[in-house]
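Notes for the one structure printed next.
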Amino acid sequence: MAVTRTFSIIKPDATRRNLTGAVTKMLEDAGLRVVASKRIHMTEDQAGGFYEVHKERPFYGELVEFMTSGPVVVQVLEGEDAVKRNRDVMGATNPADAEEGTIRKTYAESIEANTVHGSDSDENAKIEIDFFFNEDEIVG
Ligand code: GDP
Ligand code: MG
């Protein structure tokens, strides 16, 4: 299996509860390495652009509001089959459906305030990484 990259966000519900370290530990314990990380407060334009694919969904406005409600930590993660590995440790979008031991089962507050984002394909991982990071900010 090849070593690949994925893009992760520790969302405002987690930074608010001081869970940055706890969430990162779960990512690291799952075999992912943080090769870039920064704490930012997303603008509405950034959040709106990032979630452009969800523009037509009824929760888009609320989602942008939530993602700009506090700081987030954006990260590039590296590991074997990183996208799937990360999705597995994140758990299902709705914490009520997430498996025991996953980040969302452990920490998520709701289907919206669900603690982490993770890319859903290698193609989207590249797009999302490029949205927030320059290559020289990524140190493998
Ligand atoms: P993910 O890939 O598991 O994060 O899920 P999606 O790509 O489908 O949705 C993106 C994000 O939108 C989720 O992580 C949630 O924060 C939010 N979201 C998804 N479904 C809902 C919903 O039904 N209601 C609300 N309020 N937010 C949602
Ligand atoms: Mg998604």
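Chain labels follow the order of the structure tokens: the first chain is A, the next B, and so on; residue numbering restarts at 1 in every chain, and ligands are counted from 1 in their shown order.
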Exercise: A:Glu78 partners within 8 Å, only C-alpha atoms, chain neighbours under 5 positions left out, as an mmCIF file with N, CA, C and O atoms, in the first residue's frame:
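Generated output (out_37.cif):
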data_model
loop_
_atom_site.group_PDB
_atom_site.id
_atom_site.type_symbol
_atom_site.label_atom_id
_atom_site.label_comp_id
_atom_site.auth_asym_id
_atom_site.auth_seq_id
_atom_site.Cartn_x
_atom_site.Cartn_y
_atom_site.Cartn_z
ATOM 1 N N VAL A 3 2.165 5.143 0.530
ATOM 2 C CA VAL A 3 2.020 6.264 1.466
ATOM 3 C C VAL A 3 1.416 7.439 0.695
ATOM 4 O O VAL A 3 1.943 7.847 -0.338
ATOM 5 N N THR A 4 0.293 7.931 1.187
ATOM 6 C CA THR A 4 -0.407 9.036 0.518
ATOM 7 C C THR A 4 -0.727 10.110 1.548
ATOM 8 O O THR A 4 -0.463 9.954 2.743
ATOM 9 N N ARG A 5 -1.333 11.202 1.056
ATOM 10 C CA ARG A 5 -1.697 12.312 1.938
ATOM 11 C C ARG A 5 -3.199 12.521 1.950
ATOM 12 O O ARG A 5 -3.883 12.252 0.969
ATOM 13 N N THR A 6 -3.681 13.038 3.071
ATOM 14 C CA THR A 6 -5.066 13.491 3.129
ATOM 15 C C THR A 6 -5.116 14.813 3.883
ATOM 16 O O THR A 6 -4.123 15.245 4.481
ATOM 17 N N LEU A 32 -1.427 7.784 11.226
ATOM 18 C CA LEU A 32 -1.274 8.977 10.390
ATOM 19 C C LEU A 32 -0.245 9.912 11.019
ATOM 20 O O LEU A 32 -0.165 10.010 12.251
ATOM 21 N N ARG A 33 0.527 10.588 10.167
ATOM 22 C CA ARG A 33 1.563 11.515 10.626
ATOM 23 C C ARG A 33 1.179 12.924 10.212
ATOM 24 O O ARG A 33 0.812 13.158 9.058
ATOM 25 N N VAL A 34 1.227 13.867 11.163
ATOM 26 C CA VAL A 34 0.902 15.260 10.864
ATOM 27 C C VAL A 34 2.124 15.902 10.197
ATOM 28 O O VAL A 34 3.128 16.138 10.864
ATOM 29 N N VAL A 35 2.036 16.179 8.892
ATOM 30 C CA VAL A 35 3.182 16.739 8.162
ATOM 31 C C VAL A 35 3.011 18.239 7.887
ATOM 32 O O VAL A 35 3.918 18.887 7.364
ATOM 33 N N GLY A 140 7.500 16.474 5.407
ATOM 34 C CA GLY A 140 7.277 15.042 5.617
ATOM 35 C C GLY A 140 8.380 14.392 6.433
ATOM 36 O O GLY A 140 9.334 15.029 6.836
#
Contacts with ligand 2 at most 10 Å, only C-alpha atoms and all ligand atoms counted, listed as a short mmCIF file (atom, residue, chain, number, x, y, z; two decimals) with N, CA, C and O atoms, in the first residue's frame:
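part-v5.cif, freshly written:
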data_model
loop_
_atom_site.label_atom_id
_atom_site.label_comp_id
_atom_site.auth_asym_id
_atom_site.auth_seq_id
_atom_site.Cartn_x
_atom_site.Cartn_y
_atom_site.Cartn_z
N TYR A 51 -16.49 24.48 1.14
CA TYR A 51 -17.67 23.59 1.10
C TYR A 51 -18.56 23.86 -0.11
O TYR A 51 -19.74 23.48 -0.11
N VAL A 53 -18.97 22.37 -2.77
CA VAL A 53 -19.66 21.17 -3.28
C VAL A 53 -21.01 20.94 -2.58
O VAL A 53 -21.87 20.25 -3.11
N HIS A 54 -21.16 21.50 -1.39
CA HIS A 54 -22.41 21.32 -0.64
C HIS A 54 -23.35 22.50 -0.78
O HIS A 54 -24.35 22.60 -0.07
N ARG A 87 -10.64 8.30 7.18
CA ARG A 87 -12.10 8.16 7.21
C ARG A 87 -12.50 7.08 8.22
O ARG A 87 -13.50 7.21 8.93
N THR A 93 -20.48 10.32 9.50
CA THR A 93 -20.79 11.75 9.60
C THR A 93 -21.66 12.05 10.82
O THR A 93 -21.41 12.99 11.57
N HIS A 117 -13.08 17.03 9.93
CA HIS A 117 -13.29 16.84 8.49
C HIS A 117 -12.18 15.96 7.98
O HIS A 117 -11.04 16.04 8.45
N GLY A 118 -12.46 15.15 6.98
CA GLY A 118 -11.41 14.41 6.27
C GLY A 118 -11.79 14.26 4.82
O GLY A 118 -12.96 14.04 4.49
N SER A 119 -10.80 14.39 3.93
CA SER A 119 -11.05 14.25 2.49
C SER A 119 -11.64 12.88 2.19
O SER A 119 -11.37 11.90 2.87
N ASP A 120 -12.45 12.84 1.10
CA ASP A 120 -13.12 11.58 0.75
C ASP A 120 -12.51 10.87 -0.45
O ASP A 120 -12.99 9.81 -0.85
N SER A 121 -11.46 11.44 -1.07
CA SER A 121 -10.78 10.77 -2.19
C SER A 121 -9.39 11.38 -2.33
O SER A 121 -9.14 12.50 -1.85
N ASN A 124 -9.74 14.73 -4.17
CA ASN A 124 -10.19 15.84 -3.33
C ASN A 124 -9.16 16.20 -2.26
O ASN A 124 -9.05 17.36 -1.87
#
Mind dumping a table of every chain A residue within 6 Å of ligand 1, with the nearest atom pair and its distance in Å to one decimal, using only C-alpha atoms and all ligand atoms, sorted by chain and rising number, as a tab-separated table?
residue	atom	partner	partner_atom_place_in_ligand_line	distance
A:Phe59	CA	ligand 1	26 (N)	4.9
A:Leu63	CA	ligand 1	27 (N)	5.9
A:Ala92	CA	ligand 1	3 (O)	6.0
A:Thr93	CA	ligand 1	3 (O)	3.8
A:Ile111	CA	ligand 1	28 (C)	5.4
A:Glu112	CA	ligand 1	16 (O)	3.7
A:Ala113	CA	ligand 1	16 (O)	5.6
A:Asn114	CA	ligand 1	16 (O)	5.6
A:His117	CA	ligand 1	4 (O)	5.1
Quick one: everything within 9 Å of A:Lys11, counting only C-alpha atoms, minus sequence neighbours fewer than 3 positions away in the same chain. Send it as a list in words.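 Residues meeting the cut-off are Ala14, Thr15, Arg16, Phe66, Met67, Gly70, Pro71, Val72, Val73, Val74, Ala113, Asn114, Thr115, Val116 and His117 of chain A.
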What does the distance from atom CA of A:Asp122 to atom CA of A:Phe50 come to in Å, to one decimal? 16.0 Å
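For chain A, a DSSP pass over the backbone yields strand (DSSP E or B) at Val3, Thr4, Arg5, Thr6, Phe7, Ser8, Ile9, Ile10, Arg33, Val34, Val35, Ala36, Ser37, Lys38, Arg39, Ile40, Val72, Val73, Val74, Gln75, Val76, Leu77, Glu78, Gly79, Glu80, Val116, His117 and Gly118 of chain A.
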Include C-alpha atoms and write out the residues we just selected as a compact mmCIF listing (two decimals), in the first residue's frame.
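What ended up in selection-v2.txt:
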# COMPACT_ATOMS: atom_id res chain seq x y z
CA VAL A 3 2.02 6.26 1.47
CA THR A 4 -0.41 9.04 0.52
CA ARG A 5 -1.70 12.31 1.94
CA THR A 6 -5.07 13.49 3.13
CA PHE A 7 -6.46 16.76 4.45
CA SER A 8 -7.99 17.10 7.92
CA ILE A 9 -9.74 19.85 9.87
CA ILE A 10 -10.22 19.83 13.63
CA ARG A 33 1.56 11.52 10.63
CA VAL A 34 0.90 15.26 10.86
CA VAL A 35 3.18 16.74 8.16
CA ALA A 36 1.60 20.22 8.22
CA SER A 37 -0.61 21.98 10.75
CA LYS A 38 -1.91 25.47 11.42
CA ARG A 39 -4.58 27.01 13.59
CA ILE A 40 -6.73 29.52 11.69
CA VAL A 72 -9.99 25.33 13.47
CA VAL A 73 -6.78 23.36 12.97
CA VAL A 74 -6.09 22.46 9.35
CA GLN A 75 -3.68 19.57 8.86
CA VAL A 76 -2.04 17.50 6.17
CA LEU A 77 -1.80 13.86 7.22
CA GLU A 78 0.46 11.25 5.69
CA GLY A 79 0.24 7.49 5.97
CA GLU A 80 -0.46 4.27 4.14
CA VAL A 116 -13.33 16.52 12.26
CA HIS A 117 -13.29 16.84 8.49
CA GLY A 118 -11.41 14.41 6.27
Across A:Asp45, A:Val89, A:Met1, A:Tyr60, the smallest distance to A:Glu28, with only C-alpha atoms counted, is shown by A:Val89
Would you mind telling me which residue in A:Ser110, A:Val139, A:Gly21, A:Lys84 lies nearest to A:Ala98 when using only C-alpha atoms? A:Ser110
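The residue that comes closest to A:Gly101, out of A:Glu62, A:Asp88, A:Glu44, A:Glu52 and on the basis of only C-alpha atoms, is A:Asp88.
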Please compute the atom CA of A:Glu109-atom CA of A:Glu65 distance, one decimal, in Å.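 Pair atom CA of A:Glu109 / atom CA of A:Glu65 returns 16.0 Å.
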For the alpha helix (DSSP H) assignment from backbone DSSP, which residues of chain A qualify? Please present them as an MDAnalysis selection string. chainID A and resid 12:16 20:29 44:50 60:67 82:90 103:107 122:132
Expected file: the selected residues, C-alpha atoms, as an mmCIF file, in the first residue's frame:
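See again_36.cif below for the written result:
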data_model
loop_
_atom_site.group_PDB
_atom_site.id
_atom_site.type_symbol
_atom_site.label_atom_id
_atom_site.label_comp_id
_atom_site.auth_asym_id
_atom_site.auth_seq_id
_atom_site.Cartn_x
_atom_site.Cartn_y
_atom_site.Cartn_z
ATOM 1 C CA PRO A 12 -14.653 24.597 16.032
ATOM 2 C CA ASP A 13 -16.587 22.305 18.410
ATOM 3 C CA ALA A 14 -13.294 20.539 19.179
ATOM 4 C CA THR A 15 -11.062 23.619 19.541
ATOM 5 C CA ARG A 16 -13.726 25.139 21.837
ATOM 6 C CA THR A 20 -6.925 19.544 19.620
ATOM 7 C CA GLY A 21 -4.368 17.277 21.268
ATOM 8 C CA ALA A 22 -6.800 14.466 21.997
ATOM 9 C CA VAL A 23 -8.048 14.373 18.398
ATOM 10 C CA THR A 24 -4.521 14.563 16.988
ATOM 11 C CA LYS A 25 -3.492 11.655 19.239
ATOM 12 C CA MET A 26 -6.293 9.526 17.805
ATOM 13 C CA LEU A 27 -5.129 10.394 14.276
ATOM 14 C CA GLU A 28 -1.520 9.538 15.150
ATOM 15 C CA ASP A 29 -2.528 6.317 16.899
ATOM 16 C CA GLU A 44 -16.865 33.175 5.450
ATOM 17 C CA ASP A 45 -15.302 33.223 1.971
ATOM 18 C CA GLN A 46 -12.858 30.465 2.908
ATOM 19 C CA ALA A 47 -15.508 28.234 4.487
ATOM 20 C CA GLY A 48 -17.980 28.915 1.671
ATOM 21 C CA GLY A 49 -15.360 28.116 -0.954
ATOM 22 C CA PHE A 50 -14.130 25.028 0.841
ATOM 23 C CA TYR A 60 -24.902 24.818 3.645
ATOM 24 C CA GLY A 61 -25.541 28.194 5.331
ATOM 25 C CA GLU A 62 -25.480 26.698 8.830
ATOM 26 C CA LEU A 63 -22.355 24.724 8.000
ATOM 27 C CA VAL A 64 -20.483 27.850 6.887
ATOM 28 C CA GLU A 65 -21.688 29.632 10.049
ATOM 29 C CA PHE A 66 -20.486 26.739 12.214
ATOM 30 C CA MET A 67 -17.091 26.462 10.499
ATOM 31 C CA ALA A 82 -4.222 7.971 4.198
ATOM 32 C CA VAL A 83 -7.696 8.907 2.913
ATOM 33 C CA LYS A 84 -9.300 5.610 3.941
ATOM 34 C CA ARG A 85 -7.271 5.309 7.136
ATOM 35 C CA ASN A 86 -8.449 8.770 8.192
ATOM 36 C CA ARG A 87 -12.100 8.161 7.206
ATOM 37 C CA ASP A 88 -12.025 4.925 9.229
ATOM 38 C CA VAL A 89 -10.786 6.603 12.425
ATOM 39 C CA MET A 90 -13.162 9.572 11.929
ATOM 40 C CA ILE A 103 -13.214 10.192 16.780
ATOM 41 C CA ARG A 104 -16.809 11.165 16.032
ATOM 42 C CA LYS A 105 -18.286 8.518 18.327
ATOM 43 C CA THR A 106 -15.945 9.676 21.096
ATOM 44 C CA TYR A 107 -16.195 13.438 20.707
ATOM 45 C CA ASP A 122 -7.145 11.217 -3.240
ATOM 46 C CA GLU A 123 -8.295 13.716 -5.856
ATOM 47 C CA ASN A 124 -10.195 15.839 -3.325
ATOM 48 C CA ALA A 125 -7.341 15.515 -0.820
ATOM 49 C CA LYS A 126 -5.018 17.247 -3.272
ATOM 50 C CA ILE A 127 -7.560 20.007 -3.994
ATOM 51 C CA GLU A 128 -8.221 20.556 -0.265
ATOM 52 C CA ILE A 129 -4.517 20.544 0.686
ATOM 53 C CA ASP A 130 -3.819 23.126 -2.043
ATOM 54 C CA PHE A 131 -6.728 25.246 -0.742
ATOM 55 C CA PHE A 132 -4.978 25.810 2.621
#
